[in-house]
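File shown here: my_file37.pdb, holding PDB, C-alpha atoms and all ligand atoms.
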```
ATOM      1  CA  MET A 132      49.658  -4.220   6.193
ATOM      2  CA  ILE A 133      51.041  -1.227   8.066
ATOM      3  CA  ASN A 134      48.831   1.811   8.456
ATOM      4  CA  ASN A 135      49.733   5.415   7.679
ATOM      5  CA  CYS A 136      50.439   7.973  10.404
ATOM      6  CA  PRO A 137      47.146   9.728  11.251
ATOM      7  CA  ASN A 138      48.770  12.749  12.924
ATOM      8  CA  SER A 139      48.279  15.775  10.663
ATOM      9  CA  GLU A 140      51.036  17.709  12.465
ATOM     10  CA  CYS A 141      53.620  14.993  11.826
ATOM     11  CA  SER A 142      56.087  15.264   8.942
ATOM     12  CA  LYS A 143      55.214  11.672   7.990
ATOM     13  CA  PHE A 144      51.434  12.289   7.927
ATOM     14  CA  GLN A 145      49.679   9.756   5.674
ATOM     15  CA  LYS A 146      52.968   7.905   5.092
ATOM     16  CA  ASN A 147      53.923   4.558   6.545
ATOM     17  CA  ASP A 148      57.701   4.370   6.122
ATOM     18  CA  ASP A 149      58.373   5.267   9.767
ATOM     19  CA  VAL A 150      55.458   3.330  11.239
ATOM     20  CA  VAL A 151      56.174   0.141  13.192
ATOM     21  CA  LYS A 152      53.996  -2.438  14.881
ATOM     22  CA  ASP A 153      53.693  -1.838  18.591
ATOM     23  CA  GLY A 154      52.076  -4.863  20.187
ATOM     24  CA  PHE A 155      48.408  -5.571  20.662
ATOM     25  CA  PHE A 156      45.558  -4.470  22.846
ATOM     26  CA  LYS A 157      42.222  -6.073  23.665
ATOM     27  CA  ARG A 158      39.289  -4.030  22.445
ATOM     28  CA  SER A 159      36.786  -4.226  25.261
ATOM     29  CA  CYS A 160      33.620  -3.819  23.156
ATOM     30  CA  ASP A 161      34.082  -7.008  21.141
ATOM     31  CA  SER A 162      37.005  -8.723  22.956
ATOM     32  CA  ARG A 163      39.105  -8.744  19.801
ATOM     33  CA  LYS A 164      42.886  -8.593  19.804
ATOM     34  CA  ILE A 165      43.839  -5.459  17.872
ATOM     35  CA  GLN A 166      47.219  -4.589  16.387
ATOM     36  CA  ARG A 167      48.654  -1.324  17.637
ATOM     37  CA  PHE A 168      51.004   0.817  15.504
ATOM     38  CA  LYS A 169      53.458   3.550  16.401
ATOM     39  CA  CYS A 170      54.907   6.351  14.326
ATOM     40  CA  LYS A 171      58.635   6.645  15.050
ATOM     41  CA  VAL A 172      58.684  10.354  14.178
ATOM     42  CA  CYS A 173      55.788  11.764  16.255
ATOM     43  CA  LYS A 174      55.629   8.773  18.668
ATOM     44  CA  LYS A 175      51.859   8.615  18.216
ATOM     45  CA  LYS A 176      50.236   5.225  18.760
ATOM     46  CA  PHE A 177      47.193   4.208  16.778
ATOM     47  CA  SER A 178      45.192   1.313  15.364
ATOM     48  CA  ARG A 179      43.380   0.682  12.080
ATOM     49  CA  SER A 180      40.231   2.307  13.520
ATOM     50  CA  THR A 181      41.926   5.599  14.359
ATOM     51  CA  GLY A 182      40.284   8.387  12.383
ATOM     52  CA  LYS A 183      37.570   6.102  11.018
ATOM     53  CA  LEU A 184      33.855   6.625  11.586
ATOM     54  CA  GLU A 185      33.705   3.504  13.784
ATOM     55  CA  PHE A 186      36.347   4.835  16.194
ATOM     56  CA  GLY A 187      35.221   4.616  19.813
ATOM     57  CA  GLN A 188      32.038   2.649  19.142
ATOM     58  CA  LYS A 189      31.091   0.332  21.953
ATOM     59  CA  LYS A 190      28.443  -2.025  20.598
ATOM     60  CA  ARG A 191      30.110  -2.611  17.293
ATOM     61  CA  ARG A 192      29.059  -6.216  16.980
ATOM     62  CA  GLU A 193      25.455  -5.053  16.715
ATOM     63  CA  ASN A 194      26.213  -2.838  13.706
ATOM     64  CA  PRO A 195      25.286  -5.269  10.882
ATOM     65  CA  MET A 196      21.987  -6.096  12.572
ATOM     66  CA  ILE A 197      21.127  -2.429  13.237
ATOM     67  CA  PHE A 198      21.780  -1.701   9.564
ATOM     68  CA  LYS A 199      19.431  -4.487   8.456
ATOM     69  CA  LEU A 200      16.663  -3.732  10.952
ATOM     70  CA  LEU A 201      16.624  -0.008  10.217
ATOM     71  CA  SER A 202      16.244  -0.732   6.498
ATOM     72  CA  SER A 203      13.441  -3.228   7.135
ATOM     73  CA  CYS A 204      10.722  -1.055   8.691
ATOM     74  CA  VAL A 205      11.728  -1.582  12.319
ATOM     75  CA  SER A 206      11.542   1.512  14.508
ATOM     76  CA  LEU A 207      14.492   2.861  16.490
ATOM     77  CA  ARG A 208      12.942   1.838  19.804
ATOM     78  CA  ARG A 209      12.080  -1.678  18.627
ATOM     79  CA  THR A 210      15.578  -2.129  17.175
ATOM     80  CA  ALA A 211      16.984  -1.208  20.597
ATOM     81  CA  LYS A 212      14.608  -3.683  22.268
ATOM     82  CA  ILE A 213      15.412  -6.559  19.896
ATOM     83  CA  LEU A 214      19.173  -6.112  20.257
ATOM     84  CA  ASN A 215      19.080  -5.303  23.956
ATOM     85  CA  VAL A 216      20.893  -1.999  23.567
ATOM     86  CA  SER A 217      19.771   1.492  24.499
ATOM     87  CA  ARG A 218      17.796   3.697  22.139
ATOM     88  CA  GLY A 219      20.651   6.222  22.275
ATOM     89  CA  THR A 220      22.982   3.626  20.765
ATOM     90  CA  VAL A 221      20.586   3.051  17.874
ATOM     91  CA  VAL A 222      20.196   6.806  17.302
ATOM     92  CA  ARG A 223      23.976   7.237  17.224
ATOM     93  CA  ARG A 224      24.298   4.300  14.819
ATOM     94  CA  LEU A 225      21.668   5.846  12.575
ATOM     95  CA  GLN A 226      23.854   8.950  12.318
ATOM     96  CA  TYR A 227      26.940   6.800  11.760
ATOM     97  CA  PHE A 228      25.296   4.697   9.048
ATOM     98  CA  GLY A 229      23.868   7.843   7.438
ATOM     99  CA  GLU A 230      27.372   9.284   7.182
ATOM    100  CA  LYS A 231      28.921   6.008   6.042
ATOM    101  CA  SER A 232      26.180   5.286   3.496
ATOM    102  CA  ARG A 233      26.548   8.751   1.976
ATOM    103  CA  ILE A 234      30.249   8.090   1.361
ATOM    104  CA  GLN A 235      29.493   4.590   0.023
ATOM    105  CA  ASN A 236      26.648   5.776  -2.240
ATOM    106  CA  GLU A 237      28.763   8.584  -3.653
ATOM    107  CA  LYS A 238      31.633   6.196  -4.356
ATOM    108  CA  PHE A 239      29.334   3.734  -6.089
ATOM    109  CA  LYS A 240      27.790   6.449  -8.252
ATOM    110  CA  THR A 241      31.081   7.949  -9.416
ATOM    111  CA  LEU A 242      32.593   4.534 -10.127
ATOM    112  CA  ASN A 243      29.655   2.873 -11.870
ATOM    113  CA  LEU A 244      26.962   5.282 -12.971
ATOM    114  CA  LYS A 245      28.822   8.211 -14.548
ATOM    115  CA  ASN A 246      27.022   9.426 -17.666
ATOM    116  CA  SER A 247      24.996   6.202 -17.882
ATOM    117  CA  VAL A 248      21.388   7.116 -17.028
ATOM    118  CA  GLU A 249      19.172   7.181 -20.132
ATOM    119  CA  HIS A 250      15.819   7.362 -18.407
ATOM    120  CA  LEU A 251      15.519   9.447 -15.260
ATOM    121  CA  GLN A 252      12.407   9.821 -13.131
ATOM    122  CA  ILE A 253      11.974  12.380 -10.346
ATOM    123  CA  ASP A 254       9.312  12.951  -7.759
ATOM    124  CA  ASP A 255       8.641  14.366  -4.305
ATOM    125  CA  LEU A 256       7.269  12.523  -1.326
ATOM    126  CA  VAL A 257       5.712  14.415   1.555
ATOM    127  CA  SER A 258       6.448  13.535   5.165
ATOM    128  CA  LYS A 259       6.320  15.517   8.372
ATOM    129  CA  GLU A 260       8.465  16.759  11.225
ATOM    130  CA  ASN A 261       6.486  16.121  14.441
ATOM    131  CA  SER A 262       3.292  17.711  13.167
ATOM    132  CA  LYS A 263       1.442  17.960   9.866
ATOM    133  CA  LEU A 264       1.847  21.709  10.228
ATOM    134  CA  LYS A 265       5.587  21.170   9.658
ATOM    135  CA  PRO A 266       5.748  19.120   6.456
ATOM    136  CA  LEU A 267       8.953  17.916   4.834
ATOM    137  CA  SER A 268       9.465  17.254   1.154
ATOM    138  CA  VAL A 269      11.681  14.349   0.099
ATOM    139  CA  SER A 270      12.905  14.832  -3.475
ATOM    140  CA  ILE A 271      13.941  11.573  -5.134
ATOM    141  CA  ALA A 272      15.666  10.702  -8.409
ATOM    142  CA  VAL A 273      15.814   7.157  -9.803
ATOM    143  CA  ASP A 274      17.249   5.493 -12.864
ATOM    144  CA  ALA A 275      14.108   3.957 -14.392
ATOM    145  CA  GLU A 276      16.019   1.181 -16.153
ATOM    146  CA  SER A 277      18.355  -0.167 -13.493
ATOM    147  CA  ARG A 278      16.073   1.099 -10.678
ATOM    148  CA  TYR A 279      18.972   2.556  -8.694
ATOM    149  CA  ILE A 280      18.040   5.376  -6.363
ATOM    150  CA  LEU A 281      20.384   8.127  -7.522
ATOM    151  CA  GLY A 282      19.718  10.705  -4.854
ATOM    152  CA  VAL A 283      17.391  12.030  -2.162
ATOM    153  CA  GLU A 284      17.153  15.413  -0.491
ATOM    154  CA  VAL A 285      15.004  16.402   2.469
ATOM    155  CA  SER A 286      13.712  19.972   2.574
ATOM    156  CA  GLU A 287      11.464  21.892   4.937
ATOM    157  CA  ILE A 288       8.296  23.203   3.359
ATOM    158  CA  ARG A 289       5.388  25.261   4.676
ATOM    159  CA  ALA A 290       2.060  23.694   5.576
ATOM    160  CA  PHE A 291      -0.230  23.590   2.532
ATOM    161  CA  GLY A 292      -3.857  22.972   1.647
ATOM    162  CA  HIS A 293      -6.382  23.301   4.462
ATOM    163  CA  LEU A 294      -3.554  23.409   7.041
ATOM    164  CA  ALA A 295      -1.783  26.386   5.433
ATOM    165  CA  GLN A 296      -3.480  29.007   7.574
ATOM    166  CA  ARG A 297      -2.905  27.163  10.869
ATOM    167  CA  GLY A 298       0.707  26.478   9.892
ATOM    168  CA  ARG A 299       1.352  30.168   9.225
ATOM    169  CA  ILE A 300      -0.001  31.121  12.647
ATOM    170  CA  LYS A 301       1.728  28.418  14.660
ATOM    171  CA  TYR A 302       5.091  28.311  12.862
ATOM    172  CA  PRO A 303       5.477  31.739  11.208
ATOM    173  CA  LYS A 304       9.245  31.387  10.867
ATOM    174  CA  ARG A 305       9.117  28.189   8.816
ATOM    175  CA  ILE A 306      10.584  28.760   5.366
ATOM    176  CA  ASN A 307      10.215  26.858   2.140
ATOM    177  CA  GLN A 308      13.539  25.171   1.301
ATOM    178  CA  HIS A 309      12.244  23.068  -1.545
ATOM    179  CA  LYS A 310      14.227  24.923  -4.225
ATOM    180  CA  GLU A 311      17.470  24.477  -2.281
ATOM    181  CA  GLY A 312      16.679  20.770  -1.894
ATOM    182  CA  LEU A 313      16.057  20.357  -5.620
ATOM    183  CA  THR A 314      19.269  22.280  -6.407
ATOM    184  CA  ASN A 315      21.239  19.842  -4.237
ATOM    185  CA  LEU A 316      19.497  16.869  -5.850
ATOM    186  CA  PHE A 317      20.226  18.037  -9.397
ATOM    187  CA  GLN A 318      23.825  18.945  -8.471
ATOM    188  CA  GLY A 319      24.288  15.393  -7.212
ATOM    189  CA  ILE A 320      22.934  13.691 -10.340
ATOM    190  CA  LYS A 321      24.054  16.018 -13.116
ATOM    191  CA  ASP A 322      27.135  13.924 -13.961
ATOM    192  CA  LEU A 323      25.195  10.649 -14.015
ATOM    193  CA  VAL A 324      22.553  11.503 -16.602
ATOM    194  CA  LYS A 325      23.233  11.355 -20.365
ATOM    195  CA  GLU A 326      22.825  14.583 -22.282
ATOM    196  CA  ASP A 327      19.873  13.411 -24.406
ATOM    197  CA  ALA A 328      18.198  11.368 -21.647
ATOM    198  CA  LEU A 329      14.460  10.995 -21.196
ATOM    199  CA  ILE A 330      13.218  12.604 -17.970
ATOM    200  CA  ARG A 331       9.760  11.845 -16.614
ATOM    201  CA  SER A 332       8.033  13.512 -13.686
ATOM    202  CA  ASP A 333       4.636  14.743 -12.544
ATOM    203  CA  GLU A 334       3.435  18.272 -13.250
ATOM    204  CA  HIS A 335       5.179  19.944 -10.301
ATOM    205  CA  LYS A 336       5.799  23.596 -11.190
ATOM    206  CA  PHE A 337       9.471  23.590 -10.124
ATOM    207  CA  TYR A 338      10.654  20.679 -12.285
ATOM    208  CA  PRO A 339      10.691  22.240 -15.811
ATOM    209  CA  GLY A 340      12.972  25.109 -14.689
ATOM    210  CA  PHE A 341      15.469  22.758 -13.018
ATOM    211  CA  ILE A 342      15.475  20.304 -15.924
ATOM    212  CA  LYS A 343      16.065  23.157 -18.415
ATOM    213  CA  GLU A 344      18.947  24.431 -16.306
ATOM    214  CA  TYR A 345      20.734  21.135 -15.642
ATOM    215  CA  PHE A 346      19.795  19.024 -18.694
ATOM    216  CA  PRO A 347      19.032  21.513 -21.496
ATOM    217  CA  VAL A 348      18.858  18.932 -24.323
ATOM    218  CA  ALA A 349      17.045  16.179 -22.415
ATOM    219  CA  LYS A 350      13.457  15.294 -23.293
ATOM    220  CA  HIS A 351      11.091  16.109 -20.426
ATOM    221  CA  GLU A 352       7.701  14.412 -20.196
ATOM    222  CA  ALA A 353       5.335  15.572 -17.428
ATOM    223  CA  TYR A 354       2.330  13.434 -16.461
ATOM    224  CA  LYS A 355      -0.752  14.317 -14.514
ATOM    225  CA  GLY A 356      -0.904  12.856 -10.988
ATOM    226  CA  GLU A 357      -3.099   9.752 -10.776
ATOM    227  CA  LYS A 358      -5.143   8.416  -7.912
ATOM    228  CA  GLY A 359      -3.208   6.060  -5.657
ATOM    229  CA  CYS A 360      -4.284   2.456  -5.125
ATOM    230  CA  ILE A 361      -4.528   0.893  -1.666
ATOM    231  CA  ALA A 362      -1.623  -1.500  -2.099
ATOM    232  CA  GLY A 363       1.669   0.342  -2.391
ATOM    233  CA  GLN A 364       1.072   2.933   0.331
ATOM    234  CA  GLY A 365      -0.849   5.261  -1.996
ATOM    235  CA  GLU A 366       2.248   5.669  -4.124
ATOM    236  CA  LEU A 367       1.448   3.028  -6.768
ATOM    237  CA  LYS A 368      -1.248   4.348  -9.082
ATOM    238  CA  LYS A 369      -4.658   3.040 -10.023
ATOM    239  CA  THR A 370      -4.031   2.921 -13.773
ATOM    240  CA  LYS A 371      -3.367   0.143 -16.228
ATOM    241  CA  HIS A 372      -0.083   1.521 -17.422
ATOM    242  CA  ASP A 373       1.780   3.939 -15.205
ATOM    243  CA  PRO A 374       4.496   5.893 -17.071
ATOM    244  CA  LEU A 375       5.998   6.849 -13.708
ATOM    245  CA  PHE A 376       6.000   3.314 -12.325
ATOM    246  CA  ALA A 377       9.732   3.231 -11.455
ATOM    247  CA  ILE A 378       9.620   6.319  -9.246
ATOM    248  CA  ASN A 379       6.232   5.476  -7.747
ATOM    249  CA  HIS A 380       7.389   1.972  -6.889
ATOM    250  CA  THR A 381      10.553   3.386  -5.304
ATOM    251  CA  CYS A 382       8.446   5.790  -3.211
ATOM    252  CA  ALA A 383       6.273   2.853  -2.156
ATOM    253  CA  MET A 384       9.427   0.920  -1.185
ATOM    254  CA  LEU A 385      10.601   3.867   0.921
ATOM    255  CA  ARG A 386       7.227   4.082   2.639
ATOM    256  CA  ALA A 387       7.095   0.343   3.272
ATOM    257  CA  ASN A 388      10.662  -0.024   4.547
ATOM    258  CA  ILE A 389      11.345   3.125   6.545
ATOM    259  CA  ASN A 390       9.087   3.104   9.557
ATOM    260  CA  ARG A 391       8.806   6.884   9.908
ATOM    261  CA  LEU A 392       7.513   7.171   6.301
ATOM    262  CA  VAL A 393       4.748   4.564   6.616
ATOM    263  CA  ARG A 394       1.316   6.121   6.119
ATOM    264  CA  LYS A 395      -0.627   6.703   9.341
ATOM    265  CA  THR A 396       2.363   5.555  11.403
ATOM    266  CA  TRP A 397       2.903   6.904  14.894
ATOM    267  CA  CYS A 398       6.662   7.030  14.400
ATOM    268  CA  THR A 399       7.589  10.531  13.330
ATOM    269  CA  THR A 400      10.704  12.417  12.386
ATOM    270  CA  LYS A 401      11.864  14.859  15.031
ATOM    271  CA  ASP A 402      14.932  16.080  13.193
ATOM    272  CA  PRO A 403      15.004  16.339   9.368
ATOM    273  CA  GLN A 404      18.693  15.383   9.361
ATOM    274  CA  ARG A 405      17.832  11.976  10.925
ATOM    275  CA  LEU A 406      15.315  11.395   8.139
ATOM    276  CA  LYS A 407      18.099  12.110   5.640
ATOM    277  CA  ASP A 408      20.384   9.654   7.480
ATOM    278  CA  HIS A 409      17.665   7.011   7.419
ATOM    279  CA  LEU A 410      17.048   7.550   3.696
ATOM    280  CA  ASP A 411      20.754   7.333   2.850
ATOM    281  CA  LEU A 412      21.047   4.145   4.912
ATOM    282  CA  PHE A 413      18.094   2.650   3.061
ATOM    283  CA  ILE A 414      19.488   3.658  -0.359
ATOM    284  CA  CYS A 415      22.689   1.834   0.514
ATOM    285  CA  TYR A 416      20.716  -1.283   1.500
ATOM    286  CA  PHE A 417      18.382  -1.013  -1.485
ATOM    287  CA  ASN A 418      21.118  -0.557  -4.109
ATOM    288  CA  SER A 419      23.284  -3.315  -2.641
ATOM    289  CA  GLU A 420      20.888  -5.941  -1.265
ATOM    290  CA  ILE A 421      17.630  -5.523  -3.168
ATOM    291  CA  ILE A 422      18.941  -4.668  -6.628
ATOM    292  CA  LYS A 423      21.973  -6.833  -5.810
ATOM    293  CA  ASP A 424      24.719  -5.199  -7.758
ATOM    294  CA  SER A 425      28.023  -7.007  -7.529
ATOM    295  CA  ASN A 426      29.859  -3.660  -7.753
ATOM    296  CA  PHE A 427      28.193  -2.443  -4.612
ATOM    297  CA  VAL A 428      29.791  -3.406  -1.329
ATOM    298  CA  PRO A 429      27.261  -2.956   1.481
ATOM    299  CA  THR A 430      28.130  -0.856   4.486
ATOM    300  CA  GLN A 431      28.980  -3.112   7.387
TER     301      GLN A 431
HETATM  302 ZN    ZN B 501      53.745  10.529  12.776
END
```
Using structure tokens, write down the structure from this file.
Ligand SMILES: [Zn+2]
Amino acid sequence: MINNCPNSECSKFQKNDDVVKDGFFKRSCDSRKIQRFKCKVCKKKFSRSTGKLEFGQKKRRENPMIFKLLSSCVSLRRTAKILNVSRGTVVRRLQYFGEKSRIQNEKFKTLNLKNSVEHLQIDDLVSKENSKLKPLSVSIAVDAESRYILGVEVSEIRAFGHLAQRGRIKYPKRINQHKEGLTNLFQGIKDLVKEDALIRSDEHKFYPGFIKEYFPVAKHEAYKGEKGCIAGQGELKKTKHDPLFAINHTCAMLRANINRLVRKTWCTTKDPQRLKDHLDLFICYFNSEIIKDSNFVPTQ
């Protein structure tokens, strides 16, 4: 297969009729022999990696393992230790996998889940950025029947409860972005949910307005929050029958498999965007490896 010219200034951009093979080179990071191509019009030389997210990566043979470890409750530092790479490499790979998983997840949703969700459940999970005075809200949507995670959004919120006062004094500029986060979440799932779907959630005051706006004919059932049980990271509830089991179980899975979300952990998020990357990476792993859908090709 001959690749297309990646040079956007070339008249043959994205076309391969004037591209020829131009020998090989040895890629130093994994000692593989790589085919080089050349565009006869702009004389640019390139390989299959040119323009891809992996371009220029050095420890690429560690990628599959980093992907698995980061979705299995191993911290960034421990991943680096196990694989004998630097922590910086793992941080950069987290960003890379976040980006790649977002593309992969989006592709999977548009190809397989369009207008198919009959029972949607939504909820918010609270985490923190460095300090409990800087909480983050993770809004999640799942398909209760297939159990796919349809979307997550991370938004900054203000400290609440008995920390509200201290939060206001210490971080007066912190704003509440929860509504923006929910808007992005609903924008991302609006094409996946059937018109007359059943939507279940807790009694959060923002949900009814969003559900009315995005799914006007859907049936919304709101349930009172229940007490959490010890198993399941406080997310599974202490009742006989939990109508929100799908979303609560998904939240428990997130808490049990993403180290920074584990309760009472000493791993914390320093940058909300990295939490988003980590969540997108986990969704990719969860939808492909744990639910095991044959349509889903894992990111590797
Ligand atoms: Zn060209």
query: Which residues match the PyMOL selection byres (((chain A and resi 367) around 9) and not hetatm) in the file above, as number ranges by chain?
result: A: 358-366, 368-370, 373, 376, 379-380, 382-383
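Atom to atom, atom CA of Phe177 of chain A and atom CA of Cys415 of chain A stand 29.5 Å apart.
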- request: Residues up to 12 Å from ligand ZN 501 (chain B), counting all atoms listed in the file: could you list those as a list in words?
  value: Asn134, Asn135, Cys136, Pro137, Asn138, Ser139, Glu140, Cys141, Ser142, Lys143, Phe144, Gln145, Lys146, Asn147, Asp148, Asp149, Val150, Val151, Phe168, Lys169, Cys170, Lys171, Val172, Cys173, Lys174, Lys175, Lys176 and Phe177 of chain A
task: On this file, the PyMOL selection byres (((chain A and resi 259) around 12) and not hetatm) gives some set of residues; write that set as an MDAnalysis selection string.
output: chainID A and resid 256:258 260:269 285:291 391:403 406
- prompt: Looking at only C-alpha atoms, which of A:Thr241, A:Ser247, A:Thr210, A:Gln404 is the one that sits closest to Phe198 of chain A?
  reply: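 Ranking A:Thr241, A:Ser247, A:Thr210, A:Gln404 by distance to Phe198 of chain A, first place goes to A:Thr210.
Minimum atom-to-atom distances from A:Ser419, A:Asn236, A:Gln166, A:Ser202 to Gly319 of chain A were compared using all atoms listed in the file, and the lowest value belongs to A:Asn236.
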message: With the PyMOL selection byres (((chain A and resi 356) around 10) and not hetatm) as the selection, what would be picked from this file? Answer as a list of chain:residue names, please.
response: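 What the PyMOL selection byres (((chain A and resi 356) around 10) and not hetatm) grabs from the file is A:Ser332, A:Asp333, A:Glu334, A:His335, A:Ala353, A:Tyr354, A:Lys355, A:Glu357, A:Lys358, A:Gly359, A:Lys368, A:Leu375.
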Can you pull out every residue within 8 Å of Asn246 of chain A, counting only C-alpha atoms, but drop anything in the same chain fewer than 2 positions away, and send it as a PDB file with C-alpha atoms, in the frame of the given file?
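Resulting contents of out.pdb:
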```pdb
ATOM      1  CA  LEU A 244      26.962   5.282 -12.971  1.00  0.00           C
ATOM      2  CA  VAL A 248      21.388   7.116 -17.028  1.00  0.00           C
ATOM      3  CA  ASP A 322      27.135  13.924 -13.961  1.00  0.00           C
ATOM      4  CA  LEU A 323      25.195  10.649 -14.015  1.00  0.00           C
ATOM      5  CA  VAL A 324      22.553  11.503 -16.602  1.00  0.00           C
ATOM      6  CA  LYS A 325      23.233  11.355 -20.365  1.00  0.00           C
TER       7      LYS A 325
END
```
Specify the axis-aligned box that encloses all atoms of segment 268-271 of chain A listed in the file after padding of 5 Å on each side, stating its centre and edge lengths in Å to one decimal as lines of an AutoDock Vina configuration file.
```
center_x = 11.7
center_y = 14.4
center_z = -2.0
size_x = 14.5
size_y = 15.7
size_z = 16.3
```
task: Tell me which of A:Leu251, A:Met196, A:Leu329, A:Ile414 sits closest to Ala377 of chain A, counting all atoms listed in the file.
output: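 Looking at the shortest contact to Ala377 of chain A, the residue is A:Leu251.
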Any idea what's packed within 12 Å of Glu230 of chain A, counting all atoms listed in the file, ignoring anything in its chain fewer than 3 positions away? Could you give it as a compact mmCIF listing (two decimals) with C-alpha atoms, in the frame of the given file?
```
# COMPACT_ATOMS: atom_id res chain seq x y z
CA LYS A 183 37.57 6.10 11.02
CA LEU A 184 33.85 6.62 11.59
CA GLU A 185 33.70 3.50 13.78
CA ARG A 223 23.98 7.24 17.22
CA ARG A 224 24.30 4.30 14.82
CA LEU A 225 21.67 5.85 12.58
CA GLN A 226 23.85 8.95 12.32
CA TYR A 227 26.94 6.80 11.76
CA ARG A 233 26.55 8.75 1.98
CA ILE A 234 30.25 8.09 1.36
CA GLN A 235 29.49 4.59 0.02
CA ASN A 236 26.65 5.78 -2.24
CA GLU A 237 28.76 8.58 -3.65
CA GLN A 404 18.69 15.38 9.36
CA ARG A 405 17.83 11.98 10.92
CA LYS A 407 18.10 12.11 5.64
CA ASP A 408 20.38 9.65 7.48
CA HIS A 409 17.66 7.01 7.42
CA LEU A 410 17.05 7.55 3.70
CA ASP A 411 20.75 7.33 2.85
CA LEU A 412 21.05 4.14 4.91
CA CYS A 415 22.69 1.83 0.51
CA THR A 430 28.13 -0.86 4.49
```
Nearby residues (all atoms listed in the file) at most 9 Å from His351 of chain A, same-chain spacing under 5 positions excluded, as an mmCIF file with C-alpha atoms, keeping the file's coordinate frame:
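Once everything was written out, this is part-v7.cif:
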```
data_model
loop_
_atom_site.group_PDB
_atom_site.id
_atom_site.type_symbol
_atom_site.label_atom_id
_atom_site.label_comp_id
_atom_site.auth_asym_id
_atom_site.auth_seq_id
_atom_site.Cartn_x
_atom_site.Cartn_y
_atom_site.Cartn_z
ATOM 1 C CA ALA A 328 18.198 11.368 -21.647
ATOM 2 C CA LEU A 329 14.460 10.995 -21.196
ATOM 3 C CA ILE A 330 13.218 12.604 -17.970
ATOM 4 C CA ARG A 331 9.760 11.845 -16.614
ATOM 5 C CA SER A 332 8.033 13.512 -13.686
ATOM 6 C CA PRO A 339 10.691 22.240 -15.811
ATOM 7 C CA ILE A 342 15.475 20.304 -15.924
ATOM 8 C CA LYS A 343 16.065 23.157 -18.415
#
```
- prompt: Quick one, how far is atom CA of Ile133 of chain A from atom CA of Gly182 of chain A?
  reply: 15.1 Å
- prompt: Quick one, how far is atom CA of Arg167 of chain A from atom CA of Arg191 of chain A?
  reply: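 About the pair atom CA of Arg167 of chain A and atom CA of Arg191 of chain A: they are 18.6 Å apart.
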field: 10 Å contact set for Lys199 of chain A, all atoms listed in the file, chain neighbours under 6 positions out, as a list in words
entry: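 So the residues in contact are Val205, Thr210, Leu412, Phe413, Tyr416, Glu420 and Gln431 of chain A.
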- request: Please work out which residues fall within 7 Å of (10.0, 0.7, 12.8), coordinates as given in the file, with all atoms listed in the file counting, and return them as a ChimeraX atom specification.
  value: /A:204-207,209,389-391
task: Could you tell me which of A:Val273, A:Ile422, A:Gln188, A:His293 comes closest to Glu249 of chain A if we count all atoms listed in the file?
output: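 Looking at the shortest contact to Glu249 of chain A, the residue is A:Val273.
Among A:Thr181, A:Ala275, A:Gly187, A:Gln252, the residue with the shortest atom-to-atom distance to Ser159 of chain A, counting all atoms listed in the file, is A:Gly187.
Remark: residues at most 12 Å from position (37.4, -5.8, 24.4) in file coordinates are Phe155, Phe156, Lys157, Arg158, Ser159, Cys160, Asp161, Ser162, Arg163, Lys164, Ile165, Gly187, Gln188, Lys189, Lys190, Arg191 and Arg192 of chain A, using only C-alpha atoms.
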